[in-house]
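Below is one structure, written out as structure tokens; the observations come after it.
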Amino acid sequence: MKQARKSPMESYLKAHPYLKETAELYLAMGKAIKAAAKPLAFPARKALAELAKGAFPVLQQFGLQAETVRTAASTLPAALAALARIPAPSKMQDALAAWAIWAKRAKAEERQAFFDNLLRQEDQEIRDFASREKLSEPILRTVGWAILAALVPDDVKSAELWEEVGWQHNYCPVCGRKPVMAQLRKEKEGRARFLACDGCHTVWPYARIGCAYCGNKDLRKMHILEPEGEESMRLDVCDVCRTYLKTYQKEGEEDVYLHDWATLHLDMIGEEKGLRKEGSVLLPSE
Amino acid sequence: MDLSRRDFLKATGLSGLAVALSGLGLNMAKVQAAAKEFKLKGAREFTSICHFCACGCGVIGYVKDEKLINLEGAVDSPINRGALCSKGLGYGQIPNSDQRATKPLYRAPGSDHWEEISWEEAIDRSARALKKARDEGWKQTEVIDGKTVDVHRTDAIGFVGGSQINNEECYQNIKMARALGVIYIDNQTRVCHATTPPAMNAAFGRGAMTNPWGDLKNSKLIWIEGSNLAECHPMGLKNVMKAKENGATIVHVDIRYTRTSKIADHFFQLRPGTDIAFLGALINYIITNKKYNEDYIRRNTNACCILRDDYKLEDGIFSGYDPENRTYNMETWGYALGPDGKPQKAQDLFAPNTVMSRLKEHYSRYTPEQASAITGMPAEDIQKAAEIFSSHSPTVMMYALGMTQHTIGVQNIRCFTILQLLMGNIGVPGGGVDAMRGQPNVQASTDFGIMYQYFPGYIAYPTEKTNTMESWTKVSGTQNRRWLINMLKAWFGDYATAENDYGFGLIGVRNSHHNDSIYGMFEDAYRGTVKCLYLCGQNPHVTNANAGMVHDGMCKMDTVIAQDIFINETAEFWNRPGDNPKDIQTEVIFLPACSYLERRGTITNSMRLIQWRMEGPKPLGDSKPDYEINNLLWRRIAELYKDSTDPKDAIIKRIDATWNYSDDQTVEDILKEINGRDLATGRLLAGIGELKDDGSTSAGMWIYTGVYGNGEHLAQRRGQEDEGDMGIYPKFAFAWPDNIRMIYNRASCDENGQPVDPAHKIVWWDAAENRWKGYDRPDVGSLTAAPGTPGGNSPFRMTGEGYARLFAADYADHNPDGTTRLHSYTPVDGPVPEFYEPVESPTKNALHQNERAQFNPCVIYPRMPERQRIGTPDEFPYVLCSSGIAEHWCGGTVTRNIPWLNELVKEPFVEMSTQLAGKLGVKAGDKVKVSSARSEVVVKAMVTDRAKPLTVNGAETHTVWMPYSWGFKGLSKGPSTNYLTIDALDPNVNEQEFKACLVNIQKA
């Protein structure tokens, strides 16, 4: 059914034409991988709550981790084949092709080892692997995590679930990554803060006050940067660890704003200020 | 230094992002170019605590360009979880309000306007005025009871206020007042919850709200009496609704049907001032039908203790009455002590002269029929209420000023303590007596003793009977002496030694017969002795009963110093519409204080939680934080006295020696002094148990010790842990004492330290670790005192007995060497509550024929016959009750300057029943004249059915209601209801009877 009105993403990209190339690539990647990789069966809500009690992310637990890694490994060739068909810069197409060659020739254990390292954030291993096999590290990280994300059912990524479970740590309850972004959502006459994962796209509740990275709770050692013309967003800066956290401070357009790549220009601004970024799939963890 | 690519990327991670995306083949140049076009504005957030009803809701403010842009509820506060009522949100307008006073002002004698002056001049004038009044009004000696006593004080100065300032500022305030030798010291607690501490103290040993807000979800019955929780403590309501969702029953008892009644399962209406009759009937029911928790009362109370056999109550008068002075000698209210000087316990609960048998006898007169005649509540309803009360557990009783503001206020609340002890509801989750205070920091202004009769920490202030350390200790006990010594060390520093009784002799001495309360203050101003008044954030012109006395008293003063955020009725009393300023010679100095959002400090809520407030926007205009004003004022006073060799001024030098707070860390320095230190090492003490009585430690106020323990500012904590899910949150901020959230929690365990109700345990004795443990800090003197030892078996360790008191017997516990250890508190008007009529009553006392016992036999009223006539029902046939509303708050100084709150409620009114309106020929909206023996006002009539006419002792009785928040200043103006109300006072604490007086109403 064709819609007369623009979608939020379309309106957003019209206002931010310089992001169009990036957005279209990511959206196309996501769509292709979603078709190739189907979500796994995860434990039910109650069991998840039990698992979460130990403050251990779901995918760092032995059984589920192994299954996820196995499935990702076996899905890799199909995913790469799907990606080969989407419009992409030639650099990316070359990198995908090189990886597809490796994937075809690699043993199952080798493909699993890759996803295992990715999930456990063994960045040095990933770097060495890329160097050894002459593969593009950005492609490995981006596509690798996109596959893992597709294996996690949507309802497991939901903030409401993790609110109910009562998870309040500064790392993702599903995969254990540090957050890449935050959102402020209205709660009574205040706002609650939620964190978003760049890896599996889970959203979970967190403390409203303080640095989500280093735990600093002294608001005198934090400040906010408001980008003029981008009223939906703010940057929460910690003066102790010098990170910034992009924070979506409205509701209703999560499909636009809760992708890290959608506000790339704000990351440039953060860099300009000499601040550090954490949580991005593209960057090694600190 | 050579950076590898890896190090380079690591160091500038974000370059890595652009590089990585380029690695995908994306063109980052366009993005980077666009990014350069974005300008950034700086902003910051800060956390604070709302400034209204003492729920202590957390707020988060957003500041940009040094202005407050947004105020929201803090979602991580266990108290409000992000919610804020209309007032709390409305306060966001205050930092930017154009009604704010932003410059110091001066009103010259006889002038009709304010002049702007500099801070230097304002402080100098204020200091000189205080000095002048002090020196000219200095009283070195006084003849009291035929003896000449060295009193070394001044009666010419009054200090008023404290509930609107932070803890550190309260401490500065009281230190300054005591240094000057001021005796007329009072704060909002007087008009509000002054009757609460004595009542709770008498029964439990401490005067504070027992259970935290978060504990309400554990209650099965929530009994709300004398409170409009829904309007006046909205966050209290939220927690009540949570309990309701968990299946709790809600009962509301009040004089009219309000928004609180609406959420209740049962509503019971009664006549103002008759709660004792009603609650007495409940006590009667519980004892007669054996509904009490026998195990609990045997273990935790004096139920079985044997009283003296010469105690009696006859026709409304207890034994030991002195009719001339209207006081009691309490000796006959004591125990029949054993040879060891301790109370004796009988095996049989109802053996002759046991507390239980006395209680039974006393309340046997409170039959449903008798209570019905007095209260106007049908006997079947009283019966029903009794059945509901006695068939649920655990029950929490919540109350506010409907219980406190009576000449029988202390005894009103004592009924709650008796009921809750009988049912075993103290020290257990879901139980408690929740006194809901009304001012943001009135808990602290009370804690800090900004009151004539206390030192900080509820330590008695010296009178002629206790004017040496020795005589004082004899009455207050060695336990209290320990706290006093620590305070004196904090105030007088090295000067204070054991040899000079730690400087005790420097402190001014009160005349115990004298009324030094805010009421006495204005009466003595009227008589011409109080010359200089210093007010800090209080508006007695609107909030005192018989408010005309405030006005007339102020007219006779030389100087009024008003430190406040807005210019209110008290500050501008000389400019009242209809008066001629030329007739008033009082000079007035106005010191503009900034709002709570503009400064930092700690603040204590109703449940004793000490929380931190950060600074937000800068103070508006030239307004200043109170802590800065206090420092400036004190320093100027000390400077004016610096060359004096007069012995009366020695105390000023002593206190100035320790008034050495740094300018940039004043707030923190003060809190550290309050917390206390080991004087040898300088270490900040971590608990009350570390305070010594040998001068080796100091603490400005012992009950707060631990808040800054070992240098950690525990009030700043925001921990979300709630192990046990009991609503305790032990790591969120800090509660006094010693971070105990639910006081008396030891009572929830048996004699072996095991929880009586394991499913709802809160603390317990861990035999393996040999210590007390729990979800809350156990309320025991020492965590290693095992059950079975005296230290481990005192669930109510702050009473002399160590257990709770159903009957508030006269009792002093002694040390082995015979000195007094701790004196339990007994209210001056009786060991058990007895019903008396309000001073102005529409009827006769149905229980007593005795003319002396119509109203409280200890009340002295009138004190000033020419200004305090007692109205009678023939002239004033209707009962007037007054209280607050949701949209406006107390004296209205703040809320009547918030435009949208004024939109919600524009003006005061009198609410009457349709029956009364019909009788008077009045329609809704008509102007009517409401008059009392003291004054009259004209307001509009509101006609409702919320307070039905009642049949009292056979006669139809009408209650009318008025809000009291209006005055002649602010954006919304209106006549002050308190011109009408009666300043008859509870004899324990001089709190006035706002809730019941007599009025007449006529069409205007």
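We name chains A, B, ... following the order of the structure tokens; residues begin at 1 in each chain, and ligands are numbered from 1 as shown.
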
Near chain B, which residues of chain A fall within 8 Å when you count only C-alpha atoms, and what do they look like as a VMD selection string? chain A and resid 18 to 19 21 to 22 89 to 92 136 138 to 139 187 to 192 207 to 208 219 to 220 222 to 229 264 to 269 271 274 276 to 277 282 to 283

Please, could you write that set of residues out with N, CA and C atoms as a compact mmCIF listing (two decimals), in the first residue's frame?
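Ended up saving to part.txt:
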```txt
# COMPACT_ATOMS: atom_id res chain seq x y z
N TYR A 18 22.98 14.74 3.88
CA TYR A 18 24.35 14.20 3.95
C TYR A 18 24.40 12.84 4.63
N LEU A 19 23.30 12.45 5.24
CA LEU A 19 23.26 11.14 5.91
C LEU A 19 22.59 10.09 5.03
N GLU A 21 23.32 8.61 2.22
CA GLU A 21 24.11 7.48 1.72
C GLU A 21 24.29 6.43 2.82
N THR A 22 24.69 6.91 3.99
CA THR A 22 24.92 6.01 5.12
C THR A 22 23.63 5.29 5.50
N PRO A 89 28.80 0.73 -1.93
CA PRO A 89 30.03 1.27 -2.52
C PRO A 89 30.93 0.12 -2.97
N SER A 90 31.73 0.37 -3.96
CA SER A 90 32.53 -0.73 -4.53
C SER A 90 33.51 -1.28 -3.51
N LYS A 91 34.04 -0.40 -2.66
CA LYS A 91 34.97 -0.86 -1.62
C LYS A 91 34.30 -1.94 -0.77
N MET A 92 33.06 -1.68 -0.44
CA MET A 92 32.33 -2.62 0.38
C MET A 92 32.06 -3.91 -0.39
N SER A 136 38.44 -6.87 5.56
CA SER A 136 38.17 -5.53 6.07
C SER A 136 37.57 -5.62 7.47
N PRO A 138 36.25 -3.25 9.39
CA PRO A 138 34.92 -2.62 9.52
C PRO A 138 33.80 -3.53 9.00
N ILE A 139 34.02 -4.18 7.91
CA ILE A 139 33.00 -5.08 7.36
C ILE A 139 32.74 -6.25 8.30
N GLU A 187 8.20 9.57 32.25
CA GLU A 187 7.63 8.69 33.26
C GLU A 187 7.05 9.57 34.33
N LYS A 188 5.73 9.60 34.40
CA LYS A 188 5.00 10.52 35.29
C LYS A 188 5.50 11.94 34.98
N GLU A 189 5.96 12.67 35.98
CA GLU A 189 6.41 14.05 35.69
C GLU A 189 7.93 14.13 35.56
N GLY A 190 8.52 12.97 35.32
CA GLY A 190 9.97 12.96 35.13
C GLY A 190 10.30 12.21 33.87
N ARG A 191 11.56 11.86 33.71
CA ARG A 191 11.97 11.08 32.55
C ARG A 191 12.90 9.97 33.03
N ALA A 192 12.66 8.79 32.50
CA ALA A 192 13.51 7.66 32.79
C ALA A 192 14.53 7.54 31.67
N ALA A 207 20.14 3.92 35.32
CA ALA A 207 20.05 5.07 36.23
C ALA A 207 19.93 6.36 35.43
N ARG A 208 19.05 7.23 35.92
CA ARG A 208 18.83 8.51 35.24
C ARG A 208 20.02 9.45 35.39
N LEU A 219 26.97 15.07 39.41
CA LEU A 219 26.50 15.85 38.27
C LEU A 219 27.30 17.14 38.06
N ARG A 220 28.06 17.53 39.08
CA ARG A 220 28.91 18.70 38.87
C ARG A 220 30.03 18.36 37.89
N MET A 222 29.56 16.55 35.22
CA MET A 222 28.97 16.18 33.94
C MET A 222 28.39 17.44 33.33
N HIS A 223 28.25 17.47 32.02
CA HIS A 223 27.53 18.58 31.42
C HIS A 223 26.86 18.10 30.14
N ILE A 224 26.01 18.94 29.61
CA ILE A 224 25.20 18.56 28.45
C ILE A 224 25.53 19.51 27.30
N LEU A 225 25.59 18.96 26.12
CA LEU A 225 25.75 19.78 24.92
C LEU A 225 24.49 19.63 24.08
N GLU A 226 23.86 20.75 23.81
CA GLU A 226 22.65 20.74 22.99
C GLU A 226 23.03 21.22 21.59
N PRO A 227 22.88 20.36 20.56
CA PRO A 227 23.17 20.84 19.21
C PRO A 227 22.01 21.68 18.70
N GLU A 228 22.28 22.93 18.38
CA GLU A 228 21.18 23.78 17.89
C GLU A 228 20.72 23.29 16.53
N GLY A 229 19.41 23.14 16.40
CA GLY A 229 18.87 22.62 15.15
C GLY A 229 18.64 21.12 15.21
N LEU A 264 25.25 10.56 13.04
CA LEU A 264 26.70 10.53 12.81
C LEU A 264 27.32 11.92 12.91
N HIS A 265 26.59 12.90 12.44
CA HIS A 265 27.11 14.28 12.46
C HIS A 265 27.37 14.74 13.90
N LEU A 266 26.61 14.21 14.83
CA LEU A 266 26.83 14.59 16.23
C LEU A 266 28.11 13.93 16.75
N ASP A 267 28.42 12.77 16.24
CA ASP A 267 29.69 12.12 16.61
C ASP A 267 30.87 12.95 16.13
N MET A 268 30.70 13.54 14.94
CA MET A 268 31.77 14.42 14.44
C MET A 268 31.97 15.60 15.38
N ILE A 269 30.85 16.14 15.86
CA ILE A 269 30.92 17.26 16.79
C ILE A 269 31.61 16.83 18.08
N GLU A 271 33.77 14.52 18.43
CA GLU A 271 35.20 14.36 18.15
C GLU A 271 35.90 15.71 18.16
N GLY A 274 37.03 16.81 21.29
CA GLY A 274 38.04 15.99 21.95
C GLY A 274 37.46 14.94 22.88
N ARG A 276 35.47 11.21 23.84
CA ARG A 276 35.60 9.81 23.41
C ARG A 276 34.24 9.20 23.16
N LYS A 277 34.21 8.29 22.18
CA LYS A 277 32.99 7.55 21.91
C LYS A 277 33.15 6.12 22.38
N LEU A 282 31.78 -0.51 15.49
CA LEU A 282 32.93 -0.26 14.61
C LEU A 282 34.22 -0.05 15.39
N LEU A 283 34.11 0.26 16.68
CA LEU A 283 35.30 0.59 17.44
C LEU A 283 35.63 -0.51 18.43
```

Please build the interface table for region 167-235 of chain A against region 120-128 of chain A with a cut-off of 9 Å, listing for each qualifying residue the nearest atom pair and the distance in Å to one decimal; count only C-alpha atoms, order rows by chain and increasing number, and write it as a tab-separated table.
```
residue	atom	partner	partner_atom	distance
A:Cys175	CA	A:Arg120	CA	8.4
A:Gly176	CA	A:Arg120	CA	8.3
A:Arg177	CA	A:Gln121	CA	8.0
```
